[in-house]
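Here is upload24.txt, consisting of compact mmCIF, C-alpha atoms and all ligand atoms:
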# COMPACT_ATOMS: atom_id res chain seq x y z
CA MET A 6 35.96 7.58 -0.79
CA SER A 7 32.56 7.11 0.88
CA ALA A 8 30.38 4.11 -0.09
CA PRO A 9 27.56 4.87 -2.55
CA ARG A 10 24.23 5.61 -0.89
CA LEU A 11 21.95 2.59 -0.92
CA ALA A 12 18.32 3.00 -1.88
CA VAL A 13 15.36 0.77 -1.12
CA ARG A 14 12.46 0.84 -3.58
CA LEU A 15 9.76 -1.59 -2.55
CA ILE A 16 6.39 -2.53 -3.95
CA PHE A 17 3.89 -3.87 -1.42
CA LEU A 18 1.66 -6.20 -3.40
CA GLY A 19 -1.43 -7.78 -1.89
CA PRO A 20 -5.21 -7.78 -1.78
CA PRO A 21 -7.29 -5.08 -0.08
CA GLY A 22 -6.92 -5.43 3.69
CA ALA A 23 -3.65 -7.36 3.57
CA GLY A 24 -1.91 -4.72 5.71
CA LYS A 25 0.07 -2.86 3.03
CA GLY A 26 -0.84 0.60 4.34
CA THR A 27 -0.28 -0.38 7.97
CA GLN A 28 3.20 -1.74 7.27
CA SER A 29 4.16 1.15 4.97
CA LYS A 30 3.39 3.59 7.77
CA VAL A 31 5.44 1.53 10.26
CA LEU A 32 8.48 1.56 7.96
CA GLU A 33 8.00 5.25 7.15
CA ASP A 34 7.78 6.17 10.85
CA ARG A 35 10.74 4.00 11.90
CA PHE A 36 13.13 4.30 8.98
CA GLY A 37 11.98 7.32 6.98
CA VAL A 38 11.28 5.30 3.83
CA PHE A 39 8.62 7.37 2.05
CA GLN A 40 5.18 5.74 1.55
CA ILE A 41 3.48 6.41 -1.77
CA SER A 42 -0.11 5.23 -1.41
CA THR A 43 -2.18 5.75 -4.53
CA GLY A 44 -5.35 5.10 -2.52
CA ASP A 45 -4.47 7.89 -0.05
CA LEU A 46 -3.57 10.24 -2.91
CA LEU A 47 -6.89 9.55 -4.62
CA ARG A 48 -8.85 10.01 -1.38
CA LYS A 49 -7.13 13.38 -0.87
CA HIS A 50 -8.33 14.45 -4.32
CA VAL A 51 -11.86 13.32 -3.39
CA VAL A 52 -11.80 15.29 -0.10
CA ASP A 53 -10.40 18.38 -1.90
CA GLY A 54 -13.13 18.09 -4.54
CA THR A 55 -10.74 18.24 -7.52
CA GLU A 56 -11.87 17.20 -11.02
CA LEU A 57 -9.63 14.14 -10.73
CA GLY A 58 -11.20 13.33 -7.35
CA LYS A 59 -14.73 13.60 -8.76
CA GLU A 60 -13.88 11.22 -11.60
CA ALA A 61 -11.98 8.77 -9.37
CA LYS A 62 -14.75 8.62 -6.74
CA THR A 63 -17.20 6.90 -9.06
CA TYR A 64 -14.72 4.06 -9.63
CA MET A 65 -13.61 3.85 -5.99
CA ASP A 66 -17.13 3.73 -4.54
CA ALA A 67 -17.92 0.85 -6.91
CA GLY A 68 -14.74 -1.03 -5.91
CA ALA A 69 -13.37 -0.73 -9.46
CA LEU A 70 -9.92 0.42 -10.55
CA VAL A 71 -9.31 4.01 -11.61
CA PRO A 72 -8.16 4.07 -15.29
CA ASP A 73 -4.42 3.55 -15.90
CA PRO A 74 -3.68 6.94 -17.57
CA ILE A 75 -4.92 8.84 -14.48
CA MET A 76 -2.82 6.64 -12.22
CA MET A 77 0.37 6.99 -14.29
CA GLY A 78 0.16 10.79 -14.22
CA MET A 79 -0.20 10.69 -10.47
CA ILE A 80 2.67 8.29 -9.79
CA GLY A 81 5.10 10.10 -12.12
CA GLN A 82 4.76 13.28 -10.05
CA GLN A 83 5.42 11.41 -6.80
CA ILE A 84 8.49 9.42 -7.79
CA GLY A 85 10.40 12.29 -9.40
CA ALA A 86 11.96 13.78 -6.29
CA ILE A 87 12.70 10.81 -4.03
CA ASP A 88 15.19 7.95 -4.10
CA SER A 89 13.86 5.43 -1.55
CA PHE A 90 10.15 4.65 -1.35
CA ILE A 91 7.44 2.08 -0.77
CA LEU A 92 4.72 1.83 -3.40
CA ASP A 93 1.50 0.88 -1.60
CA GLY A 94 -1.37 -0.06 -3.92
CA PHE A 95 0.52 0.57 -7.15
CA PRO A 96 0.91 -0.99 -9.68
CA ARG A 97 -2.40 -2.82 -9.91
CA THR A 98 -2.46 -3.94 -13.55
CA VAL A 99 0.19 -5.34 -15.88
CA ALA A 100 -0.12 -2.13 -17.97
CA GLN A 101 0.70 -0.05 -14.87
CA ALA A 102 3.66 -2.32 -14.05
CA GLU A 103 5.08 -1.98 -17.57
CA ALA A 104 4.64 1.80 -17.54
CA LEU A 105 6.28 1.94 -14.10
CA ASP A 106 9.26 -0.06 -15.37
CA ASP A 107 9.72 2.47 -18.19
CA LEU A 108 9.40 5.43 -15.84
CA LEU A 109 11.90 4.04 -13.33
CA ALA A 110 14.36 2.94 -16.02
CA ARG A 111 14.41 6.50 -17.38
CA ALA A 112 14.94 7.85 -13.83
CA GLY A 113 17.65 5.24 -13.07
CA LYS A 114 15.70 4.08 -10.01
CA PRO A 115 14.77 0.41 -10.45
CA ILE A 116 12.53 -1.43 -8.00
CA THR A 117 14.71 -3.36 -5.53
CA GLN A 118 12.07 -5.84 -4.25
CA VAL A 119 8.38 -6.71 -4.32
CA ILE A 120 6.88 -7.95 -1.05
CA GLN A 121 3.75 -10.04 -1.59
CA PHE A 122 1.38 -10.14 1.41
CA GLY A 123 -0.40 -13.50 1.67
CA VAL A 124 -3.71 -13.38 3.63
CA ASN A 125 -6.84 -15.55 3.31
CA HIS A 126 -10.26 -14.25 2.22
CA ASP A 127 -12.06 -14.39 5.60
CA THR A 128 -9.28 -12.50 7.37
CA LEU A 129 -9.31 -9.80 4.67
CA VAL A 130 -13.06 -9.26 5.04
CA ARG A 131 -12.76 -9.07 8.84
CA ARG A 132 -9.91 -6.58 8.64
CA LEU A 133 -11.63 -4.31 6.12
CA THR A 134 -15.08 -4.22 7.71
CA GLY A 135 -13.50 -3.33 11.10
CA ARG A 136 -11.13 -0.67 9.80
CA TRP A 137 -11.27 2.98 10.89
CA SER A 138 -8.86 5.52 9.44
CA ASN A 139 -7.83 9.15 9.53
CA PRO A 140 -8.91 10.59 6.15
CA ARG A 141 -6.34 13.39 6.49
CA THR A 142 -3.21 11.26 7.10
CA GLY A 143 -4.27 7.77 5.99
CA ARG A 144 -3.27 6.24 9.36
CA VAL A 145 -5.37 3.13 9.98
CA TYR A 146 -6.77 1.37 13.05
CA HIS A 147 -9.01 -1.66 13.62
CA VAL A 148 -11.82 -1.93 16.16
CA GLU A 149 -10.52 -5.30 17.34
CA PHE A 150 -6.92 -5.80 16.18
CA ASN A 151 -5.48 -2.28 16.50
CA PRO A 152 -7.87 0.04 18.36
CA PRO A 153 -7.06 3.71 19.01
CA LYS A 154 -6.63 4.76 22.66
CA VAL A 155 -9.91 6.75 22.44
CA HIS A 156 -12.70 5.41 20.21
CA GLY A 157 -12.99 7.40 16.96
CA ILE A 158 -9.90 9.59 17.61
CA ASP A 159 -6.45 9.30 16.01
CA ASP A 160 -3.71 8.69 18.65
CA GLU A 161 -1.24 10.75 16.62
CA ASP A 162 -2.98 14.01 15.72
CA GLY A 163 -6.29 13.83 17.61
CA GLY A 164 -8.24 13.97 14.32
CA PRO A 165 -11.53 12.10 13.79
CA LEU A 166 -11.45 8.52 12.47
CA MET A 167 -13.92 7.38 9.82
CA GLN A 168 -14.94 4.21 8.03
CA ARG A 169 -14.17 4.23 4.31
CA THR A 170 -17.18 4.22 1.98
CA ASP A 171 -15.64 1.27 0.09
CA ASP A 172 -15.29 -0.88 3.24
CA THR A 173 -18.90 -2.13 3.18
CA ARG A 174 -19.31 -5.90 2.80
CA ASP A 175 -20.57 -5.70 -0.82
CA VAL A 176 -17.86 -3.34 -2.06
CA VAL A 177 -15.17 -5.32 -0.22
CA GLU A 178 -16.22 -8.49 -2.08
CA LYS A 179 -16.11 -6.58 -5.36
CA ARG A 180 -12.59 -5.23 -4.59
CA LEU A 181 -11.35 -8.73 -3.75
CA GLN A 182 -12.78 -9.99 -7.04
CA ILE A 183 -11.09 -7.16 -8.99
CA TYR A 184 -7.80 -7.98 -7.25
CA ALA A 185 -8.06 -11.61 -8.35
CA GLU A 186 -8.97 -10.64 -11.93
CA GLN A 187 -6.65 -7.70 -12.58
CA THR A 188 -3.87 -7.49 -9.98
CA ALA A 189 -2.93 -11.03 -8.93
CA ALA A 190 -1.19 -11.55 -12.29
CA LEU A 191 1.52 -9.19 -11.05
CA LYS A 192 2.86 -12.01 -8.85
CA ASP A 193 4.04 -13.82 -11.98
CA TYR A 194 5.21 -10.57 -13.56
CA TYR A 195 7.59 -9.86 -10.67
CA ARG A 196 8.48 -13.51 -10.00
CA ARG A 197 9.83 -13.76 -13.56
CA ARG A 198 12.00 -10.72 -12.84
CA GLY A 199 13.41 -12.32 -9.65
CA LEU A 200 11.96 -9.56 -7.43
CA LEU A 201 9.08 -11.31 -5.63
CA GLN A 202 9.30 -12.25 -1.95
CA ARG A 203 6.18 -13.71 -0.31
CA ILE A 204 5.43 -13.21 3.37
CA ASP A 205 2.66 -14.74 5.47
CA ALA A 206 0.73 -11.64 6.58
CA HIS A 207 -1.78 -13.35 8.92
CA ALA A 208 0.34 -12.71 12.00
CA SER A 209 0.20 -9.69 14.33
CA ILE A 210 1.22 -6.28 12.97
CA GLU A 211 4.56 -6.49 14.86
CA ASP A 212 5.30 -9.99 13.55
CA VAL A 213 4.49 -9.00 9.96
CA THR A 214 6.89 -6.04 10.30
CA ALA A 215 9.57 -8.48 11.51
CA ALA A 216 8.88 -10.78 8.52
CA ILE A 217 9.28 -7.86 6.10
CA LEU A 218 12.52 -6.73 7.72
CA GLY A 219 13.82 -10.31 7.61
CA ASN A 220 13.04 -10.61 3.90
CA VAL A 221 14.26 -7.32 2.44
CA ASN A 222 17.71 -7.56 0.92
CA VAL A 223 19.07 -4.62 2.90
CA ILE A 224 19.14 -3.61 6.56
CA LEU A 225 16.75 -0.76 7.35
CA SER A 226 18.42 1.10 10.18
CA GLU A 227 16.79 3.67 12.45
CA ALA A 228 20.13 5.46 12.77
CA SER A 229 21.43 5.59 9.23
CA GLY A 230 18.65 4.62 6.84
CA VAL A 231 19.55 1.82 4.42
CA GLU A 232 22.64 -0.41 4.83
CA ALA A 233 23.90 -3.43 2.90
CA LYS A 234 23.36 -6.85 4.52
CA PRO A 235 26.73 -8.39 5.40
P1 LIG A 301 -6.37 1.48 -1.68
O1 LIG A 301 -6.58 2.55 -0.71
O2 LIG A 301 -5.02 1.20 -2.22
O3 LIG A 301 -7.03 0.18 -1.09
P2 LIG A 301 -6.61 -1.37 -1.17
O4 LIG A 301 -5.51 -1.79 -2.02
O5 LIG A 301 -7.92 -1.94 -1.49
O6 LIG A 301 -5.97 -1.63 0.15
P3 LIG A 301 -6.47 -1.26 1.51
O7 LIG A 301 -6.08 0.14 1.87
O8 LIG A 301 -7.95 -1.55 1.60
O9 LIG A 301 -5.75 -2.35 2.41
P4 LIG A 301 -4.28 -2.44 3.03
O10 LIG A 301 -3.61 -3.63 2.47
O11 LIG A 301 -3.56 -1.13 2.94
O12 LIG A 301 -4.68 -2.77 4.53
P5 LIG A 301 -4.53 -1.89 5.85
O13 LIG A 301 -3.11 -1.75 6.24
O14 LIG A 301 -5.37 -0.66 5.78
O15 LIG A 301 -7.31 1.72 -2.98
C1 LIG A 301 -8.65 2.16 -2.84
C2 LIG A 301 -9.24 2.36 -4.23
O16 LIG A 301 -8.51 3.38 -4.95
C3 LIG A 301 -9.21 1.15 -5.16
O17 LIG A 301 -10.30 0.29 -4.95
C4 LIG A 301 -9.23 1.81 -6.55
O18 LIG A 301 -10.52 2.25 -6.88
C5 LIG A 301 -8.36 3.04 -6.34
N1 LIG A 301 -6.93 2.80 -6.63
C6 LIG A 301 -5.88 2.86 -5.74
N2 LIG A 301 -4.72 2.59 -6.36
C7 LIG A 301 -5.04 2.34 -7.66
C8 LIG A 301 -4.27 1.96 -8.80
N3 LIG A 301 -2.93 1.77 -8.72
N4 LIG A 301 -4.92 1.78 -9.98
C9 LIG A 301 -6.26 1.95 -10.09
N5 LIG A 301 -7.05 2.29 -9.04
C10 LIG A 301 -6.44 2.48 -7.82
O19 LIG A 301 -5.20 -2.91 6.92
C11 LIG A 301 -6.59 -3.22 6.88
C12 LIG A 301 -7.12 -3.35 8.31
O20 LIG A 301 -6.50 -4.47 8.93
C13 LIG A 301 -6.82 -2.15 9.21
O21 LIG A 301 -7.91 -1.94 10.05
C14 LIG A 301 -5.59 -2.59 10.03
O22 LIG A 301 -5.56 -2.00 11.32
C15 LIG A 301 -5.79 -4.09 10.12
N6 LIG A 301 -4.53 -4.83 10.08
C16 LIG A 301 -3.46 -4.60 9.28
N7 LIG A 301 -2.49 -5.51 9.50
C17 LIG A 301 -2.99 -6.35 10.46
C18 LIG A 301 -2.44 -7.49 11.11
N8 LIG A 301 -1.24 -7.96 10.83
N9 LIG A 301 -3.22 -8.11 12.04
C19 LIG A 301 -4.46 -7.63 12.34
N10 LIG A 301 -5.01 -6.54 11.76
C20 LIG A 301 -4.27 -5.91 10.82

Would you kindly transcribe this structure into structure tokens?
Amino acid sequence: MSAPRLAVRLIFLGPPGAGKGTQSKVLEDRFGVFQISTGDLLRKHVVDGTELGKEAKTYMDAGALVPDPIMMGMIGQQIGAIDSFILDGFPRTVAQAEALDDLLARAGKPITQVIQFGVNHDTLVRRLTGRWSNPRTGRVYHVEFNPPKVHGIDDEDGGPLMQRTDDTRDVVEKRLQIYAEQTAALKDYYRRRGLLQRIDAHASIEDVTAAILGNVNVILSEASGVEAKP
């Protein structure tokens, strides 16, 4: 009889600019673990001009959170079909975390671990104000720390890179404040459930990837996906 398939269901928890999107993309590219980024999903709605996008944009441009009911509808659609995933930017409130627990319990797909990215305030501001990204794919670069080969052009698909409208200094400060007020409480929420693993995310992108791989409870393998640690 073959061994049951292992799944990895991670939440990347951390303030804006901590590197959640960067690391999700690395793990998705290398190991095929699907990234679910609520920020990218919302930005796609904005670009497509949907009703949801029009409503969300007012919150996003102000650095505020989009209301929980909108976010729960969006995440339910994403999680339905896949077994292993990384949640990047969700949940962001205790109400979202509780609703997610219910959703995943009904689907029989519990979260396996929560990785908390620890980064100080000055580094976050520097990362966000120097970020350029591909609005179509969500792939991110940094003018100083992770520049594209050609300025303003995505290495992968040749598409134009842009600065996000919420990466101005004022809105960044507002987003960091909202994180402290509404999202940081999730550390305790997941610590109490024995799921929280903190990593120091100040290091280089490669070193942060290594720290994540060293801290997840399974081996992510390029050849065969997810394996148990011996
Ligand atoms: P979202 O898009 O999720 O933004 P965020 O959480 O604020 O996170 P960021 O994307 O800004 O940062 P990140 O941690 O992914 O960093 P990144 O890897 O890009 O949300 C945007 C908005 O949508 C919210 O404000 C809200 O309005 C709404 N929203 C989304 N989800 C919601 C929810 N669940 N509920 C309600 N509203 C929601 O890295 C940043 C920069 O640093 C890049 O330039 C990168 O190249 C560089 N970098 C990364 N790692 C390193 C490293 N190790 N060393 C040096 N540079 C690095």

Inset, instruction - Find the residues near Asp160 in chain A: any atom within 12 Å, counting only C-alpha atoms, skip ones fewer than 6 places away on the same chain, and give them as number ranges by chain. - result: A: 138-139, 142, 144-146, 151-154, 166

Legend entry - Close residues to ligand LIG 301 (chain A) using all atoms listed in the file, limit 7 Å, as a PyMOL selection string: chain A and resi 19-28+42-45+47+64-65+68-73+76+93-97+132-133+135-137+145-147+150-151+180+206-210+213

Legend entry - Nearest candidate to Ala100 in chain A (options A:Met77, A:Val51, A:Val119, A:Leu200; using all atoms listed in the file): A:Met77

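Minimum atom-to-atom distances from A:Leu181, A:Val223, A:Ile204, A:Val52 to Phe122 in chain A were compared using only C-alpha atoms, and the lowest value belongs to A:Ile204.
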
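Distance check against Gly37 in chain A using only C-alpha atoms: of A:Val177, A:Thr55, A:Gly199, A:Ile87, the minimum falls on A:Ile87.
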
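Shortest atom-to-atom contact with Arg111 in chain A among A:Ile84, A:Leu129, A:Asn222, A:Gly123: A:Ile84, counting only C-alpha atoms.
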
Inset, instruction - Give me, please, the distance in Å between CA of Ala233 in chain A and CA of Ala104 in chain A, quoted to one decimal. - result: 28.6 Å

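The two atoms in question, CA of Ala112 in chain A and CA of Arg198 in chain A, are spaced 18.8 Å apart.
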
Legend entry - Residue nearest Thr98 in chain A - candidates A:Leu191, A:Met167, A:Leu11, A:Ala215, atoms counted: only C-alpha atoms: A:Leu191

Inset, instruction - Considering all atoms listed in the file, return as a ChimeraX atom specification whatever protein or nucleic-acid residues lie within 10 Å of Lys114 in chain A, sequence-local ones (same chain, fewer than 6 positions apart) excluded. - result: /A:12-14,84-85,87-89,106,108

Legend entry - Coordinates-based distance that separates CA of Val31 in chain A from CA of Leu218 in chain A (Å, one decimal): 11.2 Å

Legend entry - Nearest to Val221 in chain A, chosen from A:Arg35, A:Arg48, A:Arg197, A:Arg203, with all atoms listed in the file counted in the distances: A:Arg203

Expected axis-aligned box over every listed atom of range 79-84 of chain A, 5 Å added per side, centre plus edges in Å to one decimal, as AutoDock Vina command-line options:
--center_x 4.1 --center_y 10.8 --center_z -9.5 --size_x 18.7 --size_y 15.0 --size_z 15.3

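Every residue within 6 Å of the file position (13.6, -5.6, -9.0), judged by only C-alpha atoms, is given as Ile116, Thr117, Gln118 and Leu200 of chain A.
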
Complete range 177-207 of chain A at the level of N, CA and C atoms, written as a PDB file, in the frame of the given file.
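After the write, rebuild-v2.pdb holds the following:
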ATOM      1  N   VAL A 177     -16.372  -4.545  -0.548  1.00  0.00           N
ATOM      2  CA  VAL A 177     -15.170  -5.320  -0.220  1.00  0.00           C
ATOM      3  C   VAL A 177     -15.094  -6.577  -1.103  1.00  0.00           C
ATOM      4  N   GLU A 178     -16.214  -7.277  -1.240  1.00  0.00           N
ATOM      5  CA  GLU A 178     -16.220  -8.490  -2.080  1.00  0.00           C
ATOM      6  C   GLU A 178     -15.865  -8.143  -3.523  1.00  0.00           C
ATOM      7  N   LYS A 179     -16.392  -7.017  -3.996  1.00  0.00           N
ATOM      8  CA  LYS A 179     -16.110  -6.580  -5.360  1.00  0.00           C
ATOM      9  C   LYS A 179     -14.605  -6.277  -5.518  1.00  0.00           C
ATOM     10  N   ARG A 180     -14.018  -5.582  -4.518  1.00  0.00           N
ATOM     11  CA  ARG A 180     -12.590  -5.230  -4.590  1.00  0.00           C
ATOM     12  C   ARG A 180     -11.726  -6.493  -4.591  1.00  0.00           C
ATOM     13  N   LEU A 181     -12.135  -7.484  -3.785  1.00  0.00           N
ATOM     14  CA  LEU A 181     -11.350  -8.730  -3.750  1.00  0.00           C
ATOM     15  C   LEU A 181     -11.432  -9.453  -5.096  1.00  0.00           C
ATOM     16  N   GLN A 182     -12.610  -9.373  -5.717  1.00  0.00           N
ATOM     17  CA  GLN A 182     -12.780  -9.990  -7.040  1.00  0.00           C
ATOM     18  C   GLN A 182     -11.913  -9.279  -8.081  1.00  0.00           C
ATOM     19  N   ILE A 183     -11.903  -7.943  -8.036  1.00  0.00           N
ATOM     20  CA  ILE A 183     -11.090  -7.160  -8.990  1.00  0.00           C
ATOM     21  C   ILE A 183      -9.603  -7.464  -8.776  1.00  0.00           C
ATOM     22  N   TYR A 184      -9.208  -7.635  -7.519  1.00  0.00           N
ATOM     23  CA  TYR A 184      -7.800  -7.980  -7.250  1.00  0.00           C
ATOM     24  C   TYR A 184      -7.455  -9.305  -7.935  1.00  0.00           C
ATOM     25  N   ALA A 185      -8.328 -10.295  -7.750  1.00  0.00           N
ATOM     26  CA  ALA A 185      -8.060 -11.610  -8.350  1.00  0.00           C
ATOM     27  C   ALA A 185      -8.003 -11.519  -9.877  1.00  0.00           C
ATOM     28  N   GLU A 186      -8.888 -10.709 -10.463  1.00  0.00           N
ATOM     29  CA  GLU A 186      -8.970 -10.640 -11.930  1.00  0.00           C
ATOM     30  C   GLU A 186      -7.878  -9.781 -12.557  1.00  0.00           C
ATOM     31  N   GLN A 187      -7.515  -8.676 -11.900  1.00  0.00           N
ATOM     32  CA  GLN A 187      -6.650  -7.700 -12.580  1.00  0.00           C
ATOM     33  C   GLN A 187      -5.279  -7.496 -11.943  1.00  0.00           C
ATOM     34  N   THR A 188      -5.127  -7.816 -10.652  1.00  0.00           N
ATOM     35  CA  THR A 188      -3.870  -7.490  -9.980  1.00  0.00           C
ATOM     36  C   THR A 188      -3.029  -8.731  -9.643  1.00  0.00           C
ATOM     37  N   ALA A 189      -3.677  -9.851  -9.368  1.00  0.00           N
ATOM     38  CA  ALA A 189      -2.930 -11.030  -8.930  1.00  0.00           C
ATOM     39  C   ALA A 189      -1.895 -11.486  -9.967  1.00  0.00           C
ATOM     40  N   ALA A 190      -2.139 -11.158 -11.237  1.00  0.00           N
ATOM     41  CA  ALA A 190      -1.190 -11.550 -12.290  1.00  0.00           C
ATOM     42  C   ALA A 190       0.184 -10.898 -12.094  1.00  0.00           C
ATOM     43  N   LEU A 191       0.234  -9.850 -11.285  1.00  0.00           N
ATOM     44  CA  LEU A 191       1.520  -9.190 -11.050  1.00  0.00           C
ATOM     45  C   LEU A 191       2.494 -10.074 -10.264  1.00  0.00           C
ATOM     46  N   LYS A 192       1.951 -11.080  -9.560  1.00  0.00           N
ATOM     47  CA  LYS A 192       2.860 -12.010  -8.850  1.00  0.00           C
ATOM     48  C   LYS A 192       3.787 -12.663  -9.856  1.00  0.00           C
ATOM     49  N   ASP A 193       3.218 -13.189 -10.931  1.00  0.00           N
ATOM     50  CA  ASP A 193       4.040 -13.820 -11.980  1.00  0.00           C
ATOM     51  C   ASP A 193       4.963 -12.812 -12.646  1.00  0.00           C
ATOM     52  N   TYR A 194       4.435 -11.626 -12.885  1.00  0.00           N
ATOM     53  CA  TYR A 194       5.210 -10.570 -13.560  1.00  0.00           C
ATOM     54  C   TYR A 194       6.517 -10.321 -12.784  1.00  0.00           C
ATOM     55  N   TYR A 195       6.402 -10.183 -11.454  1.00  0.00           N
ATOM     56  CA  TYR A 195       7.590  -9.860 -10.670  1.00  0.00           C
ATOM     57  C   TYR A 195       8.404 -11.113 -10.313  1.00  0.00           C
ATOM     58  N   ARG A 196       7.736 -12.269 -10.253  1.00  0.00           N
ATOM     59  CA  ARG A 196       8.480 -13.510 -10.000  1.00  0.00           C
ATOM     60  C   ARG A 196       9.455 -13.769 -11.141  1.00  0.00           C
ATOM     61  N   ARG A 197       8.959 -13.555 -12.372  1.00  0.00           N
ATOM     62  CA  ARG A 197       9.830 -13.760 -13.560  1.00  0.00           C
ATOM     63  C   ARG A 197      11.032 -12.828 -13.549  1.00  0.00           C
ATOM     64  N   ARG A 198      10.899 -11.678 -12.903  1.00  0.00           N
ATOM     65  CA  ARG A 198      12.000 -10.720 -12.840  1.00  0.00           C
ATOM     66  C   ARG A 198      12.892 -10.936 -11.615  1.00  0.00           C
ATOM     67  N   GLY A 199      12.593 -11.983 -10.824  1.00  0.00           N
ATOM     68  CA  GLY A 199      13.410 -12.320  -9.650  1.00  0.00           C
ATOM     69  C   GLY A 199      13.257 -11.328  -8.512  1.00  0.00           C
ATOM     70  N   LEU A 200      12.123 -10.611  -8.454  1.00  0.00           N
ATOM     71  CA  LEU A 200      11.960  -9.560  -7.430  1.00  0.00           C
ATOM     72  C   LEU A 200      10.981  -9.945  -6.331  1.00  0.00           C
ATOM     73  N   LEU A 201      10.212 -11.028  -6.532  1.00  0.00           N
ATOM     74  CA  LEU A 201       9.080 -11.310  -5.630  1.00  0.00           C
ATOM     75  C   LEU A 201       9.513 -12.075  -4.382  1.00  0.00           C
ATOM     76  N   GLN A 202       9.052 -11.581  -3.229  1.00  0.00           N
ATOM     77  CA  GLN A 202       9.300 -12.250  -1.950  1.00  0.00           C
ATOM     78  C   GLN A 202       7.963 -12.352  -1.237  1.00  0.00           C
ATOM     79  N   ARG A 203       7.493 -13.572  -0.945  1.00  0.00           N
ATOM     80  CA  ARG A 203       6.180 -13.710  -0.310  1.00  0.00           C
ATOM     81  C   ARG A 203       6.329 -13.793   1.200  1.00  0.00           C
ATOM     82  N   ILE A 204       5.475 -13.056   1.915  1.00  0.00           N
ATOM     83  CA  ILE A 204       5.430 -13.210   3.370  1.00  0.00           C
ATOM     84  C   ILE A 204       4.026 -13.626   3.785  1.00  0.00           C
ATOM     85  N   ASP A 205       3.960 -14.383   4.894  1.00  0.00           N
ATOM     86  CA  ASP A 205       2.660 -14.740   5.470  1.00  0.00           C
ATOM     87  C   ASP A 205       2.223 -13.546   6.308  1.00  0.00           C
ATOM     88  N   ALA A 206       1.139 -12.874   5.898  1.00  0.00           N
ATOM     89  CA  ALA A 206       0.730 -11.640   6.580  1.00  0.00           C
ATOM     90  C   ALA A 206      -0.466 -11.844   7.502  1.00  0.00           C
ATOM     91  N   HIS A 207      -0.679 -13.093   7.969  1.00  0.00           N
ATOM     92  CA  HIS A 207      -1.780 -13.350   8.920  1.00  0.00           C
ATOM     93  C   HIS A 207      -1.399 -12.980  10.347  1.00  0.00           C
TER      94      HIS A 207
END
